>>> print(open('data-v4.tsv').read())   # TSV, C-alpha atoms
chain	number	residue	atom	x	y	z
A	29	MET	CA	109.96	143.34	74.68
A	30	ARG	CA	106.47	144.12	76.02
A	31	LYS	CA	104.94	142.75	72.85
A	32	LEU	CA	106.96	139.54	73.17
A	33	LEU	CA	105.96	139.12	76.81
A	34	ALA	CA	102.32	139.64	75.87
A	35	VAL	CA	102.55	136.94	73.21
A	36	LEU	CA	104.21	134.51	75.63
A	37	LEU	CA	101.60	135.22	78.30
A	38	ALA	CA	98.76	134.70	75.83
A	39	SER	CA	100.27	131.38	74.71
A	40	ALA	CA	100.62	130.18	78.29
A	41	MET	CA	97.02	131.15	79.04
A	42	LEU	CA	95.81	129.29	75.96
A	43	LEU	CA	97.63	126.13	77.00
A	44	SER	CA	96.12	126.45	80.47
A	45	ILE	CA	92.61	126.85	79.08
A	46	LEU	CA	93.05	123.85	76.79
A	47	GLY	CA	94.59	121.82	79.60
A	48	LEU	CA	97.46	120.89	77.31
A	49	SER	CA	101.14	121.18	78.08
A	50	ALA	CA	104.21	120.23	76.10
A	51	CYS	CA	107.54	119.34	77.69
A	52	LYS	CA	111.02	119.37	76.15
A	53	GLY	CA	110.85	118.63	72.49
A	54	GLY	CA	108.27	121.33	71.82
A	55	LYS	CA	104.85	120.90	70.26
A	56	THR	CA	106.03	118.64	67.45
A	57	ALA	CA	106.77	115.35	69.18
A	58	GLU	CA	106.54	111.72	68.12
A	59	ILE	CA	106.28	110.31	71.69
A	60	ALA	CA	103.38	111.78	73.67
A	61	VAL	CA	102.33	111.07	77.25
A	62	VAL	CA	98.67	111.84	77.94
A	63	THR	CA	97.56	111.79	81.59
A	64	ASP	CA	94.07	110.73	82.65
A	65	VAL	CA	93.37	112.97	85.66
A	66	GLY	CA	95.45	115.03	88.02
A	67	GLN	CA	98.85	116.55	87.44
A	68	LEU	CA	101.85	115.19	85.61
A	69	LYS	CA	104.22	115.86	88.51
A	70	ASP	CA	102.16	113.88	91.03
A	71	GLY	CA	105.16	112.14	92.58
A	72	GLY	CA	103.57	108.85	91.56
A	73	PHE	CA	101.97	107.09	88.62
A	74	ASN	CA	101.77	109.90	86.05
A	75	GLN	CA	105.26	111.11	86.83
A	76	GLY	CA	106.82	107.64	86.74
A	77	THR	CA	105.25	106.93	83.35
A	78	TYR	CA	106.41	110.25	81.93
A	79	GLU	CA	109.95	109.80	83.22
A	80	GLY	CA	110.16	106.49	81.35
A	81	ALA	CA	109.05	108.10	78.08
A	82	GLU	CA	111.38	111.03	78.65
A	83	ALA	CA	114.36	108.77	79.38
A	84	TYR	CA	113.79	106.68	76.27
A	85	ALA	CA	113.34	109.76	74.09
A	86	LYS	CA	116.53	111.40	75.34
A	87	ALA	CA	118.56	108.22	74.97
A	88	ASN	CA	117.33	107.64	71.43
A	89	SER	CA	117.10	111.20	70.08
A	90	LYS	CA	113.30	111.20	69.87
A	91	THR	CA	111.06	114.21	70.40
A	92	TYR	CA	108.58	113.98	73.27
A	93	ALA	CA	105.81	115.94	74.95
A	94	TYR	CA	103.11	115.55	77.56
A	95	TYR	CA	99.46	116.54	77.58
A	96	GLN	CA	97.18	117.09	80.53
A	97	PRO	CA	93.49	116.92	79.50
A	98	ALA	CA	91.30	119.87	80.32
A	99	ASN	CA	89.50	120.02	83.67
A	100	GLY	CA	92.25	118.34	85.68
A	101	GLU	CA	90.85	115.94	88.26
A	102	ASN	CA	87.40	116.27	86.64
A	103	ALA	CA	88.61	115.41	83.14
A	104	THR	CA	86.13	113.42	81.06
A	105	ASP	CA	86.56	110.98	78.18
A	106	ASN	CA	85.93	113.89	75.81
A	107	ASP	CA	88.77	115.83	77.42
A	108	ARG	CA	91.11	112.86	77.07
A	109	VAL	CA	90.04	112.31	73.46
A	110	ALA	CA	90.79	115.97	72.71
A	111	ALA	CA	94.25	115.69	74.28
A	112	MET	CA	95.10	112.55	72.31
A	113	ARG	CA	93.89	114.09	69.06
A	114	GLN	CA	95.99	117.18	69.74
A	115	ALA	CA	99.04	114.99	70.37
A	116	ILE	CA	98.49	113.22	67.02
A	117	LYS	CA	98.00	116.57	65.28
A	118	ASN	CA	101.36	117.57	66.74
A	119	GLY	CA	103.07	114.54	65.20
A	120	ALA	CA	102.72	111.78	67.79
A	121	LYS	CA	103.54	108.31	66.45
A	122	VAL	CA	102.97	106.68	69.83
A	123	ILE	CA	100.80	107.77	72.74
A	124	VAL	CA	101.69	106.55	76.23
A	125	ALA	CA	98.62	106.85	78.44
A	126	PRO	CA	98.71	105.93	82.14
A	127	GLY	CA	95.62	105.01	84.14
A	128	PHE	CA	92.57	102.78	83.76
A	129	LEU	CA	90.35	105.80	83.01
A	130	GLN	CA	92.00	106.02	79.57
A	131	ALA	CA	90.12	103.01	78.16
A	132	GLY	CA	87.16	104.79	76.56
A	133	ALA	CA	89.14	107.66	75.07
A	134	MET	CA	91.91	105.40	73.84
A	135	THR	CA	89.45	103.08	72.12
A	136	THR	CA	87.87	106.03	70.30
A	137	VAL	CA	91.15	107.54	69.12
A	138	ALA	CA	92.85	104.21	68.35
A	139	LEU	CA	89.97	103.27	66.04
A	140	GLU	CA	90.23	106.52	64.10
A	141	SER	CA	94.07	106.66	64.06
A	142	LYS	CA	95.19	103.16	63.15
A	143	ASP	CA	98.68	104.26	62.13
A	144	VAL	CA	99.38	105.52	65.65
A	145	LYS	CA	100.54	103.14	68.40
A	146	PHE	CA	99.04	103.33	71.91
A	147	ILE	CA	100.64	102.09	75.14
A	148	PHE	CA	97.96	101.67	77.83
A	149	VAL	CA	99.86	101.74	81.14
A	150	ASP	CA	98.01	99.95	83.95
A	151	GLY	CA	95.40	98.93	81.42
A	152	TRP	CA	94.35	95.93	79.38
A	153	ALA	CA	94.03	94.84	75.75
A	154	LEU	CA	91.25	96.85	74.10
A	155	ASP	CA	88.76	95.79	71.45
A	156	ASP	CA	86.48	97.55	68.97
A	157	GLY	CA	83.29	96.68	70.82
A	158	ASN	CA	82.71	93.59	68.72
A	159	GLY	CA	85.40	91.45	70.28
A	160	ASN	CA	88.11	92.35	67.76
A	161	LEU	CA	91.33	93.31	69.53
A	162	LEU	CA	92.84	96.66	68.58
A	163	LYS	CA	96.22	95.77	67.11
A	164	ASN	CA	97.58	99.30	67.50
A	165	VAL	CA	97.11	99.14	71.30
A	166	THR	CA	99.32	97.34	73.81
A	167	ALA	CA	98.92	97.27	77.58
A	168	ILE	CA	101.34	97.19	80.48
A	169	VAL	CA	99.90	95.46	83.55
A	170	TYR	CA	101.67	95.07	86.90
A	171	LYS	CA	101.53	92.50	89.66
A	172	GLU	CA	100.78	95.16	92.29
A	173	GLN	CA	99.98	92.44	94.81
A	174	GLU	CA	103.71	91.67	94.94
A	175	SER	CA	104.77	95.22	95.87
A	176	GLY	CA	101.88	95.48	98.31
A	177	TYR	CA	102.90	92.18	99.88
A	178	LEU	CA	106.50	93.32	100.32
A	179	ALA	CA	105.38	96.59	101.93
A	180	GLY	CA	103.05	94.88	104.42
A	181	TYR	CA	105.55	92.13	105.18
A	182	ALA	CA	108.42	94.57	105.74
A	183	ALA	CA	106.35	96.89	107.94
A	184	VAL	CA	105.35	94.10	110.32
A	185	LYS	CA	108.84	92.59	110.35
A	186	ASP	CA	110.13	96.06	111.23
A	187	GLY	CA	107.94	96.12	114.33
A	188	TYR	CA	104.76	97.94	113.24
A	189	THR	CA	101.60	96.24	114.51
A	190	LYS	CA	98.96	98.89	113.77
A	191	LEU	CA	98.80	99.52	110.02
A	192	GLY	CA	96.44	101.40	107.72
A	193	GLY	CA	95.83	101.72	104.01
A	194	THR	CA	93.83	104.26	102.00
A	195	PHE	CA	93.27	103.29	98.38
A	196	GLY	CA	92.14	104.99	95.18
A	197	GLY	CA	89.32	104.05	92.87
A	198	GLY	CA	86.61	103.59	95.46
A	199	GLY	CA	87.17	99.83	95.43
A	200	SER	CA	86.62	99.53	91.67
A	201	ASN	CA	90.22	99.97	90.48
A	202	PRO	CA	91.89	96.56	90.00
A	203	ALA	CA	95.42	97.89	90.55
A	204	CYS	CA	94.56	99.52	93.88
A	205	CYS	CA	92.69	96.39	94.98
A	206	ARG	CA	95.75	94.29	94.15
A	207	PHE	CA	97.99	96.66	96.13
A	208	ALA	CA	95.61	96.47	99.09
A	209	TYR	CA	95.21	92.70	99.00
A	210	GLY	CA	98.95	92.14	98.70
A	211	PHE	CA	99.54	94.55	101.60
A	212	VAL	CA	97.22	92.60	103.87
A	213	GLN	CA	98.65	89.23	102.80
A	214	GLY	CA	102.21	90.36	103.50
A	215	ALA	CA	101.32	91.74	106.91
A	216	ARG	CA	99.34	88.59	107.71
A	217	ASP	CA	102.20	86.25	106.79
A	218	ALA	CA	104.77	88.28	108.71
A	219	SER	CA	102.53	88.44	111.79
A	220	ASP	CA	102.08	84.66	111.66
A	221	GLU	CA	105.83	84.13	111.35
A	222	LEU	CA	106.49	86.38	114.33
A	223	GLY	CA	103.47	85.26	116.35
A	224	VAL	CA	102.36	88.85	117.00
A	225	ASP	CA	98.89	90.36	116.67
A	226	VAL	CA	98.49	92.94	113.91
A	227	GLU	CA	95.61	95.30	113.14
A	228	ILE	CA	95.08	96.83	109.69
A	229	LYS	CA	92.57	99.54	108.79
A	230	ILE	CA	91.50	99.51	105.12
A	231	SER	CA	89.48	102.21	103.34
A	232	PHE	CA	88.49	103.13	99.80
A	233	LYS	CA	86.09	105.78	101.11
A	234	TYR	CA	87.74	108.95	99.79
A	235	GLY	CA	89.62	107.50	96.82
A	236	ASP	CA	87.22	107.95	93.91
A	237	ALA	CA	89.15	110.87	92.39
A	238	PHE	CA	92.67	109.72	93.42
A	239	SER	CA	93.13	113.18	94.92
A	240	ALA	CA	93.90	114.87	98.22
A	241	SER	CA	90.91	116.20	100.17
A	242	PRO	CA	90.09	117.66	103.60
A	243	GLU	CA	87.84	114.65	104.23
A	244	LEU	CA	90.64	112.17	103.57
A	245	ALA	CA	93.07	114.17	105.72
A	246	ALA	CA	90.55	114.14	108.57
A	247	GLN	CA	90.07	110.38	108.27
A	248	MET	CA	93.82	109.77	108.28
A	249	SER	CA	94.27	112.07	111.29
A	250	SER	CA	91.68	110.06	113.19
A	251	TRP	CA	93.56	106.85	112.35
A	252	TYR	CA	96.87	108.22	113.57
A	253	ASN	CA	95.23	109.57	116.72
A	254	ASP	CA	93.69	106.14	117.36
A	255	GLY	CA	97.12	104.52	117.31
A	256	THR	CA	97.76	103.65	113.65
A	257	GLU	CA	101.52	103.73	113.22
A	258	VAL	CA	102.00	103.61	109.46
A	259	ILE	CA	99.57	104.21	106.56
A	260	PHE	CA	99.91	102.92	103.00
A	261	ALA	CA	98.89	105.89	100.79
A	262	CYS	CA	97.85	104.28	97.52
A	263	GLY	CA	96.25	106.61	94.98
A	264	GLY	CA	98.14	109.41	93.25
A	265	SER	CA	97.80	112.77	94.99
A	266	MET	CA	95.97	111.13	97.92
A	267	VAL	CA	99.39	110.86	99.53
A	268	GLN	CA	99.33	114.61	100.21
A	269	SER	CA	96.41	114.16	102.60
A	270	VAL	CA	98.27	111.40	104.41
A	271	ILE	CA	101.40	113.55	104.65
A	272	ALA	CA	99.34	116.41	106.10
A	273	ALA	CA	97.81	114.07	108.69
A	274	ALA	CA	101.16	112.49	109.57
A	275	LYS	CA	102.72	115.90	110.20
A	276	GLU	CA	100.12	116.54	112.88
A	277	THR	CA	101.52	113.59	114.85
A	278	SER	CA	104.90	113.14	116.47
A	279	ASP	CA	105.78	109.93	114.68
A	280	GLY	CA	103.12	108.92	112.12
A	281	LYS	CA	104.74	107.05	109.23
A	282	ILE	CA	103.77	106.55	105.56
A	283	ILE	CA	104.25	103.92	102.86
A	284	GLY	CA	104.30	105.43	99.37
A	285	VAL	CA	103.21	103.89	96.09
A	286	ASP	CA	104.14	103.43	92.42
A	287	THR	CA	107.49	105.27	92.59
A	288	ASP	CA	110.04	105.95	95.32
A	289	GLN	CA	108.18	108.67	97.25
A	290	SER	CA	110.83	109.20	99.93
A	291	ASN	CA	111.43	112.69	98.54
A	292	LEU	CA	107.86	113.75	99.36
A	293	SER	CA	108.24	113.55	103.14
A	294	ASP	CA	110.64	112.35	105.80
A	295	ARG	CA	107.69	110.32	107.15
A	296	VAL	CA	107.82	107.93	104.16
A	297	ILE	CA	109.51	104.72	105.35
A	298	THR	CA	109.30	102.87	102.02
A	299	SER	CA	107.25	102.68	98.80
A	300	ALA	CA	105.43	99.83	97.09
A	301	MET	CA	106.92	100.39	93.66
A	302	LYS	CA	106.13	99.49	90.09
A	303	GLY	CA	108.88	99.65	87.50
A	304	LEU	CA	106.99	102.34	85.61
A	305	SER	CA	109.93	104.05	83.99
A	306	ALA	CA	111.74	100.82	83.13
A	307	SER	CA	108.64	99.14	81.69
A	308	VAL	CA	107.71	102.12	79.51
A	309	GLN	CA	111.27	102.23	78.19
A	310	LYS	CA	111.14	98.46	77.57
A	311	VAL	CA	107.94	98.62	75.52
A	312	LEU	CA	109.04	101.71	73.58
A	313	GLY	CA	112.28	99.92	72.77
A	314	GLU	CA	110.40	96.90	71.48
A	315	MET	CA	108.16	99.12	69.39
A	316	TYR	CA	111.05	100.98	67.78
A	317	ASN	CA	112.80	97.63	67.26
A	318	ASN	CA	109.91	96.59	64.99
A	319	GLU	CA	108.61	94.00	67.47
A	320	TRP	CA	105.12	95.46	67.77
A	321	ASP	CA	103.29	92.87	65.67
A	322	ALA	CA	105.08	89.91	67.24
A	323	LYS	CA	105.08	90.93	70.91
A	324	LEU	CA	102.82	93.88	71.62
A	325	GLY	CA	99.86	94.62	69.37
A	326	GLY	CA	96.55	93.56	70.93
A	327	GLN	CA	98.39	92.07	73.92
A	328	ALA	CA	99.18	92.91	77.55
A	329	SER	CA	102.56	92.57	79.26
A	330	ASN	CA	101.97	91.41	82.86
A	331	LEU	CA	105.11	92.43	84.73
A	332	GLY	CA	106.25	91.58	88.25
A	333	ALA	CA	109.28	90.68	90.36
A	334	ALA	CA	110.49	88.21	87.75
A	335	ASP	CA	110.84	91.23	85.42
A	336	ASP	CA	112.23	93.49	88.18
A	337	ALA	CA	109.01	95.49	87.79
A	338	THR	CA	107.82	95.35	91.43
A	339	GLY	CA	109.62	95.92	94.71
A	340	LEU	CA	110.71	98.27	97.48
A	341	PRO	CA	113.45	100.95	97.22
A	342	MET	CA	115.68	99.61	99.97
A	343	SER	CA	118.40	102.23	99.46
A	344	THR	CA	116.03	104.98	100.63
A	345	SER	CA	113.80	102.98	102.96
A	346	LYS	CA	113.84	103.92	106.66
A	347	PHE	CA	113.56	100.55	108.40
A	348	ASN	CA	114.94	99.88	111.88
A	349	LYS	CA	114.92	96.07	111.88
A	350	PHE	CA	114.05	94.90	108.37
A	351	SER	CA	117.41	94.50	106.63
A	352	GLN	CA	118.60	94.24	103.06
A	353	ALA	CA	119.21	90.53	103.69
A	354	ASP	CA	115.63	90.13	104.91
A	355	TYR	CA	114.38	91.89	101.78
A	356	ASP	CA	116.56	89.85	99.44
A	357	ASP	CA	115.22	86.67	101.03
A	358	ILE	CA	111.49	87.44	100.63
A	359	TYR	CA	111.97	89.15	97.26
A	360	GLY	CA	113.84	86.12	95.97
A	361	LYS	CA	110.99	83.87	97.07
A	362	ILE	CA	108.46	85.99	95.18
A	363	LYS	CA	110.71	86.21	92.14
A	364	SER	CA	111.13	82.42	92.02
A	365	GLY	CA	107.45	81.74	92.67
A	366	ALA	CA	108.03	80.12	96.08
A	367	VAL	CA	105.78	82.85	97.52
A	368	THR	CA	102.88	83.88	95.28
A	369	PRO	CA	100.62	86.64	96.62
A	370	ASP	CA	97.02	86.11	95.53
A	371	ASP	CA	95.58	88.63	93.06
A	372	GLN	CA	91.91	87.52	93.14
A	373	VAL	CA	90.38	90.82	94.22
A	374	ASP	CA	86.71	90.57	93.24
A	375	GLY	CA	84.72	92.18	96.04
A	376	CYS	CA	87.67	93.98	97.61
A	377	ASN	CA	85.35	96.80	98.73
A	378	THR	CA	83.43	94.67	101.24
A	379	ALA	CA	84.13	93.78	104.85
A	380	ASP	CA	83.49	90.09	104.09
A	381	PHE	CA	86.33	90.05	101.57
A	382	TRP	CA	88.81	91.32	104.13
A	383	ASN	CA	87.57	89.07	106.92
A	384	LYS	CA	88.20	86.06	104.69
A	385	ALA	CA	91.67	87.38	103.80
A	386	VAL	CA	92.88	87.16	107.40
A	387	SER	CA	90.71	84.31	108.71
A	388	GLY	CA	92.57	82.13	111.21
A	389	SER	CA	95.63	84.37	111.40
A	390	HIS	CA	97.15	86.81	113.88
A	391	THR	CA	95.86	89.72	111.78
A	392	THR	CA	92.60	91.64	112.10
A	393	VAL	CA	91.25	93.91	109.34
A	394	ILE	CA	88.98	96.85	110.16
A	395	TYR	CA	87.21	97.91	106.97
A	396	GLU	CA	85.93	101.49	106.84
>>> encode(input="data-v4.tsv", output="structure tokens")
Amino acid sequence: MRKLLAVLLASAMLLSILGLSACKGGKTAEIAVVTDVGQLKDGGFNQGTYEGAEAYAKANSKTYAYYQPANGENATDNDRVAAMRQAIKNGAKVIVAPGFLQAGAMTTVALESKDVKFIFVDGWALDDGNGNLLKNVTAIVYKEQESGYLAGYAAVKDGYTKLGGTFGGGGSNPACCRFAYGFVQGARDASDELGVDVEIKISFKYGDAFSASPELAAQMSSWYNDGTEVIFACGGSMVQSVIAAAKETSDGKIIGVDTDQSNLSDRVITSAMKGLSASVQKVLGEMYNNEWDAKLGGQASNLGAADDATGLPMSTSKFNKFSQADYDDIYGKIKSGAVTPDDQVDGCNTADFWNKAVSGSHTTVIYE
């Protein structure tokens, strides 16, 4: 027994050192999820992606595993390359990789492993450096501006007039910029409809690593103390800093991101969601249905409300005034194209960008 425990402990330590972990299905797995930074169970993007791969694998009797590159939040392209290569060595036929940081590593491994399929979640079509698209890579892109819009619109319609948003990527991540821009547009339109003045604080200051930090928690605490009522926490584990700050107040509220984050805190009033699980299952289904060449290879699937891939989780949302009927009305308008949130986010990390976004409206943006 002692010898067995020693072997198990040594194996666990080795996996920890390598930064690699395998879920149900064991080491030999044909569907592999490889994270970019952070933890798999982040309550957000990584977790939502994995749950989609897991659900498809279980429903279709496929083996599956996940890999976390070495060095966690400080993982490099080399770490991600090593994780992908290990997944292929362990039998992966398809690698599902969430996060824009995957681009360099995925390009390297896709070029050397052309028989393996790669699903770049929140990415784009990749090429070989000479303009030739990689036919063994497909991308899933979301219309985050739609979910952001719904969150901002609902918050103002529910009576909140002092909003905030902290966003990952330091202003360079297109998805976070789209979330932010949609959030402001939704709040702006709702404030104009109601004829009430709304203030929104926007910051990318502590979002480079998409992680919680004392500095971010301090910034969020200062916002709540200055009267901010609800903060959109958009950037993986950054939400933990917002939760910590909210708990220091009597009634500070939070808007989650990517997945339904109501389980993370009773302060979460809603979440600007992407259909991560559903979209990963959709693309895996198309791949296993031999539709890769016709629909996926070298292409990007841009998914939004029309695909039921963006929205708010109304069944768990904690609104006081904004009703299901109100949601169905605005969601239907976005789905039909009657309301089309803008996704032009070049320069989203400047005060000028945000001033233009709310020019002539009842909304003021304070960019920090």
>>> residues_around(input="data-v4.tsv", residues="stretch 232-237 of chain A", least_positions_apart="2", cutoff="7 Å", atoms="all atoms listed in the file", output="list in words")
Glu101, Thr194, Phe195, Gly196, Gly197, Gly198, Gly199, Ser239, Leu244 and Gly263 of chain A
>>> closest_residue(input="data-v4.tsv", among="A:Ser219, A:Thr338, A:Ser269, A:Ser329", to="A:Phe148", atoms="only C-alpha atoms")
A:Ser329
>>> residues_around(input="data-v4.tsv", residues="A:Val224", least_positions_apart="6", cutoff="12 Å", atoms="all atoms listed in the file", output="compact mmCIF listing (two decimals) with C-alpha atoms, keeping the file's coordinate frame")
# COMPACT_ATOMS: atom_id res chain seq x y z
CA VAL A 184 105.35 94.10 110.32
CA LYS A 185 108.84 92.59 110.35
CA GLY A 187 107.94 96.12 114.33
CA TYR A 188 104.76 97.94 113.24
CA THR A 189 101.60 96.24 114.51
CA LYS A 190 98.96 98.89 113.77
CA ALA A 215 101.32 91.74 106.91
CA ARG A 216 99.34 88.59 107.71
CA ASP A 217 102.20 86.25 106.79
CA ALA A 218 104.77 88.28 108.71
CA SER A 389 95.63 84.37 111.40
CA HIS A 390 97.15 86.81 113.88
CA THR A 391 95.86 89.72 111.78
CA THR A 392 92.60 91.64 112.10
>>> atom_distance(input="data-v4.tsv", atom1="atom CA of A:Val311", atom2="atom CA of A:Gly284")
25.1 Å
>>> residues_around(input="data-v4.tsv", residues="stretch 313-321 of chain A", least_positions_apart="5", cutoff="9 Å", atoms="all atoms listed in the file", output="number ranges by chain")
A: 84, 145, 163-164, 166, 308, 326
>>> closest_residue(input="data-v4.tsv", among="A:Val285, A:Leu161, A:Ala81, A:Leu292", to="A:Gln173", atoms="only C-alpha atoms")
A:Val285
>>> build_atoms(input="data-v4.tsv", residues="stretch 88-117 of chain A", atoms="N, CA and C atoms", output="mmCIF file, keeping the file's coordinate frame")
data_model
loop_
_atom_site.group_PDB
_atom_site.id
_atom_site.type_symbol
_atom_site.label_atom_id
_atom_site.label_comp_id
_atom_site.auth_asym_id
_atom_site.auth_seq_id
_atom_site.Cartn_x
_atom_site.Cartn_y
_atom_site.Cartn_z
ATOM 1 N N ASN A 88 117.438 108.077 72.820
ATOM 2 C CA ASN A 88 117.330 107.640 71.430
ATOM 3 C C ASN A 88 117.012 108.781 70.467
ATOM 4 N N SER A 89 117.263 110.008 70.920
ATOM 5 C CA SER A 89 117.100 111.200 70.080
ATOM 6 C C SER A 89 115.707 111.305 69.468
ATOM 7 N N LYS A 90 114.681 111.052 70.300
ATOM 8 C CA LYS A 90 113.300 111.200 69.870
ATOM 9 C C LYS A 90 112.697 112.445 70.517
ATOM 10 N N THR A 91 111.764 113.077 69.811
ATOM 11 C CA THR A 91 111.060 114.210 70.400
ATOM 12 C C THR A 91 109.921 113.683 71.278
ATOM 13 N N TYR A 92 109.591 114.440 72.326
ATOM 14 C CA TYR A 92 108.580 113.980 73.270
ATOM 15 C C TYR A 92 107.838 115.168 73.868
ATOM 16 N N ALA A 93 106.633 114.894 74.340
ATOM 17 C CA ALA A 93 105.810 115.940 74.950
ATOM 18 C C ALA A 93 104.798 115.280 75.874
ATOM 19 N N TYR A 94 104.188 116.087 76.731
ATOM 20 C CA TYR A 94 103.110 115.550 77.560
ATOM 21 C C TYR A 94 101.882 116.438 77.439
ATOM 22 N N TYR A 95 100.741 115.841 77.673
ATOM 23 C CA TYR A 95 99.460 116.540 77.580
ATOM 24 C C TYR A 95 98.613 116.219 78.801
ATOM 25 N N GLN A 96 98.115 117.250 79.429
ATOM 26 C CA GLN A 96 97.180 117.090 80.530
ATOM 27 C C GLN A 96 95.799 117.496 80.031
ATOM 28 N N PRO A 97 94.831 116.570 79.987
ATOM 29 C CA PRO A 97 93.490 116.920 79.500
ATOM 30 C C PRO A 97 92.885 118.065 80.286
ATOM 31 N N ALA A 98 91.987 118.770 79.656
ATOM 32 C CA ALA A 98 91.300 119.870 80.320
ATOM 33 C C ALA A 98 90.537 119.363 81.536
ATOM 34 N N ASN A 99 90.313 120.262 82.473
ATOM 35 C CA ASN A 99 89.500 120.020 83.670
ATOM 36 C C ASN A 99 90.168 119.172 84.735
ATOM 37 N N GLY A 100 91.477 118.953 84.603
ATOM 38 C CA GLY A 100 92.250 118.340 85.680
ATOM 39 C C GLY A 100 91.646 117.083 86.263
ATOM 40 N N GLU A 101 91.376 117.115 87.577
ATOM 41 C CA GLU A 101 90.850 115.940 88.260
ATOM 42 C C GLU A 101 89.439 115.590 87.816
ATOM 43 N N ASN A 102 88.764 116.517 87.133
ATOM 44 C CA ASN A 102 87.400 116.270 86.640
ATOM 45 C C ASN A 102 87.374 115.992 85.141
ATOM 46 N N ALA A 103 88.533 115.666 84.572
ATOM 47 C CA ALA A 103 88.610 115.410 83.140
ATOM 48 C C ALA A 103 87.680 114.259 82.738
ATOM 49 N N THR A 104 87.045 114.423 81.587
ATOM 50 C CA THR A 104 86.130 113.420 81.060
ATOM 51 C C THR A 104 86.776 112.681 79.884
ATOM 52 N N ASP A 105 86.079 111.660 79.371
ATOM 53 C CA ASP A 105 86.560 110.980 78.180
ATOM 54 C C ASP A 105 86.738 111.953 77.020
ATOM 55 N N ASN A 106 85.819 112.900 76.885
ATOM 56 C CA ASN A 106 85.930 113.890 75.810
ATOM 57 C C ASN A 106 87.192 114.722 75.952
ATOM 58 N N ASP A 107 87.552 115.061 77.190
ATOM 59 C CA ASP A 107 88.770 115.830 77.420
ATOM 60 C C ASP A 107 90.003 115.006 77.037
ATOM 61 N N ARG A 108 89.970 113.722 77.392
ATOM 62 C CA ARG A 108 91.110 112.860 77.070
ATOM 63 C C ARG A 108 91.196 112.616 75.559
ATOM 64 N N VAL A 109 90.054 112.447 74.915
ATOM 65 C CA VAL A 109 90.040 112.310 73.460
ATOM 66 C C VAL A 109 90.658 113.543 72.808
ATOM 67 N N ALA A 110 90.262 114.728 73.268
ATOM 68 C CA ALA A 110 90.790 115.970 72.710
ATOM 69 C C ALA A 110 92.304 116.058 72.876
ATOM 70 N N ALA A 111 92.805 115.643 74.046
ATOM 71 C CA ALA A 111 94.250 115.690 74.280
ATOM 72 C C ALA A 111 94.993 114.732 73.364
ATOM 73 N N MET A 112 94.451 113.519 73.197
ATOM 74 C CA MET A 112 95.100 112.550 72.310
ATOM 75 C C MET A 112 95.088 113.018 70.857
ATOM 76 N N ARG A 113 93.964 113.576 70.436
ATOM 77 C CA ARG A 113 93.890 114.090 69.060
ATOM 78 C C ARG A 113 94.874 115.217 68.846
ATOM 79 N N GLN A 114 95.034 116.079 69.853
ATOM 80 C CA GLN A 114 95.990 117.180 69.740
ATOM 81 C C GLN A 114 97.415 116.631 69.637
ATOM 82 N N ALA A 115 97.707 115.595 70.423
ATOM 83 C CA ALA A 115 99.040 114.990 70.370
ATOM 84 C C ALA A 115 99.323 114.435 68.970
ATOM 85 N N ILE A 116 98.326 113.776 68.376
ATOM 86 C CA ILE A 116 98.490 113.220 67.020
ATOM 87 C C ILE A 116 98.657 114.344 66.004
ATOM 88 N N LYS A 117 97.868 115.406 66.165
ATOM 89 C CA LYS A 117 98.000 116.570 65.280
ATOM 90 C C LYS A 117 99.401 117.154 65.361
#
